[in-house]
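A.B. asks: Just work.pdb, nothing more (PDB, C-alpha atoms):
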```pdb
ATOM      1  CA  MET J 170       0.000   0.000   0.000
ATOM      2  CA  ARG J 171       1.400   3.406  -0.960
ATOM      3  CA  LEU J 172       0.602   6.464   1.144
ATOM      4  CA  ALA J 173      -0.383   9.740  -0.459
ATOM      5  CA  LYS J 174       2.607  11.969  -1.152
ATOM      6  CA  ASP J 175       2.943  15.208   0.811
ATOM      7  CA  PRO J 176       4.785  17.729  -1.447
ATOM      8  CA  TRP J 177       5.615  19.922   1.566
ATOM      9  CA  ARG J 178       7.692  17.141   3.121
ATOM     10  CA  ASP J 179       8.711  15.054   0.089
ATOM     11  CA  PRO J 180      12.385  15.533  -0.804
ATOM     12  CA  ASP J 181      11.533  15.654  -4.523
ATOM     13  CA  PRO J 182       8.408  17.759  -5.178
ATOM     14  CA  GLN J 183       7.086  17.376  -8.697
ATOM     15  CA  PRO J 184       5.786  19.974 -11.157
ATOM     16  CA  GLY J 185       2.221  20.839 -10.232
ATOM     17  CA  ASP J 186       2.499  19.782  -6.578
ATOM     18  CA  PHE J 187       1.855  23.336  -5.343
ATOM     19  CA  ASP J 188      -0.596  24.498  -8.003
ATOM     20  CA  ALA J 189      -3.522  24.459  -5.567
ATOM     21  CA  GLU J 190      -1.732  27.029  -3.353
ATOM     22  CA  LEU J 191      -0.913  29.415  -6.233
ATOM     23  CA  ASP J 192      -2.878  32.523  -7.079
ATOM     24  CA  HIS J 193      -2.699  32.177 -10.866
ATOM     25  CA  ALA J 194      -3.743  35.810 -11.312
ATOM     26  CA  GLN J 195      -0.363  36.807  -9.811
ATOM     27  CA  ILE J 196       1.765  34.663 -12.144
ATOM     28  CA  GLU J 197       3.573  36.002 -15.203
ATOM     29  CA  MET J 198       5.418  33.631 -17.511
ATOM     30  CA  HIS J 199       8.753  34.798 -18.952
ATOM     31  CA  GLU J 200      11.407  33.231 -21.107
ATOM     32  CA  GLY J 201      14.434  32.160 -19.117
ATOM     33  CA  ASN J 202      17.821  33.821 -19.557
ATOM     34  CA  PRO J 203      20.532  31.210 -20.223
ATOM     35  CA  ASP J 204      23.187  33.772 -19.168
ATOM     36  CA  ALA J 205      21.547  34.479 -15.808
ATOM     37  CA  LYS J 206      23.455  33.694 -12.609
ATOM     38  CA  LEU J 207      22.115  32.737  -9.208
ATOM     39  CA  SER J 208      23.782  33.363  -5.869
ATOM     40  CA  ILE J 209      22.856  31.253  -2.857
ATOM     41  CA  LEU J 210      23.765  32.203   0.705
ATOM     42  CA  VAL J 211      24.341  29.205   2.964
ATOM     43  CA  ASN J 212      24.584  29.593   6.737
ATOM     44  CA  VAL J 213      26.119  26.647   8.619
ATOM     45  CA  GLU J 214      26.413  26.748  12.413
ATOM     46  CA  GLY J 215      27.374  24.595  15.388
ATOM     47  CA  ASP J 216      28.210  20.929  14.876
ATOM     48  CA  ASP J 217      27.344  21.153  11.170
ATOM     49  CA  ALA J 218      29.965  23.892  10.740
ATOM     50  CA  LYS J 219      32.559  21.745  12.521
ATOM     51  CA  ARG J 220      31.761  18.776  10.253
ATOM     52  CA  LEU J 221      31.943  20.977   7.160
ATOM     53  CA  GLU J 222      35.314  22.351   8.262
ATOM     54  CA  ARG J 223      36.623  18.815   8.905
ATOM     55  CA  ILE J 224      35.481  17.608   5.476
ATOM     56  CA  ALA J 225      37.037  20.659   3.795
ATOM     57  CA  ASN J 226      40.349  20.118   5.623
ATOM     58  CA  GLU J 227      40.412  16.437   4.625
ATOM     59  CA  ARG J 228      39.882  17.435   0.985
ATOM     60  CA  GLY J 229      42.382  20.310   1.110
ATOM     61  CA  GLN J 230      39.596  22.761   0.249
ATOM     62  CA  GLN J 231      37.819  25.753   1.719
ATOM     63  CA  PRO J 232      34.366  25.073   3.235
ATOM     64  CA  GLY J 233      32.760  27.164   0.476
ATOM     65  CA  GLU J 234      34.265  24.888  -2.174
ATOM     66  CA  VAL J 235      32.736  21.827  -0.503
ATOM     67  CA  VAL J 236      29.308  23.504  -0.355
ATOM     68  CA  SER J 237      29.629  24.584  -3.997
ATOM     69  CA  GLN J 238      30.337  21.006  -5.073
ATOM     70  CA  LEU J 239      27.370  19.751  -3.060
ATOM     71  CA  LEU J 240      25.041  22.263  -4.685
ATOM     72  CA  ARG J 241      26.282  21.379  -8.185
ATOM     73  CA  SER J 242      25.690  17.654  -7.575
ATOM     74  CA  ALA J 243      22.205  18.154  -6.088
TER      75      ALA J 243
END
```
Once more with this new file: its structure as structure tokens, please.
C.D. replies:
Amino acid sequence: MRLAKDPWRDPDPQPGDFDAELDHAQIEMHEGNPDAKLSILVNVEGDDAKRLERIANERGQQPGEVVSQLLRSA
């Protein structure tokens, strides 16, 4: 038996999962820009920061390089 999927908690939401919550009157469709860039700010604290620093040291990298690789592989 398969339980109903909850898009708010599922690690891989699918297109259309949140359509019921959207106000379609507020949506404008635009062509994407293939030259656009996106910046993401990541804040890591406490034990997670210590683990990230340990992993970076073991790889001979900066913590930001480890995070960057993780984001690219996601």
A.B. asks: Show which residues sit within 10 Å of range 210-224 of chain J, as a list in words. Count all atoms listed in the file, and ignore same-chain residues fewer than 4 positions away.
C.D. replies: Arg228, Gly229, Gln230, Gln231, Pro232, Gly233, Val235, Val236 and Ser237 of chain J
A.B. asks: Enter the distance from CA of Met198 in chain J to CA of Pro184 in chain J, in Å, rounded to one decimal.
C.D. replies: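 Atom-to-atom, CA of Met198 in chain J to CA of Pro184 in chain J, that is 15.1 Å.
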A.B. asks: Let me make sure I understand: among J:Lys174, J:Leu207, J:Arg241, J:Asn226, which one has the smallest atom-to-atom distance to Asp186 in chain J if we use all atoms listed in the file?
C.D. replies: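 Smallest distance to Asp186 in chain J is found for J:Lys174.
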A.B. asks: Using the file's own x, y and z axes, so that the box edges lie along x, y and z, what centre and edge lengths in Å (one decimal) does a box around every listed atom of range 180-183 of chain J get when 8 Å is added on each side? Give it as lines of an AutoDock Vina configuration file.
C.D. replies:
```
center_x = 9.7
center_y = 16.6
center_z = -4.8
size_x = 21.3
size_y = 18.2
size_z = 23.9
```
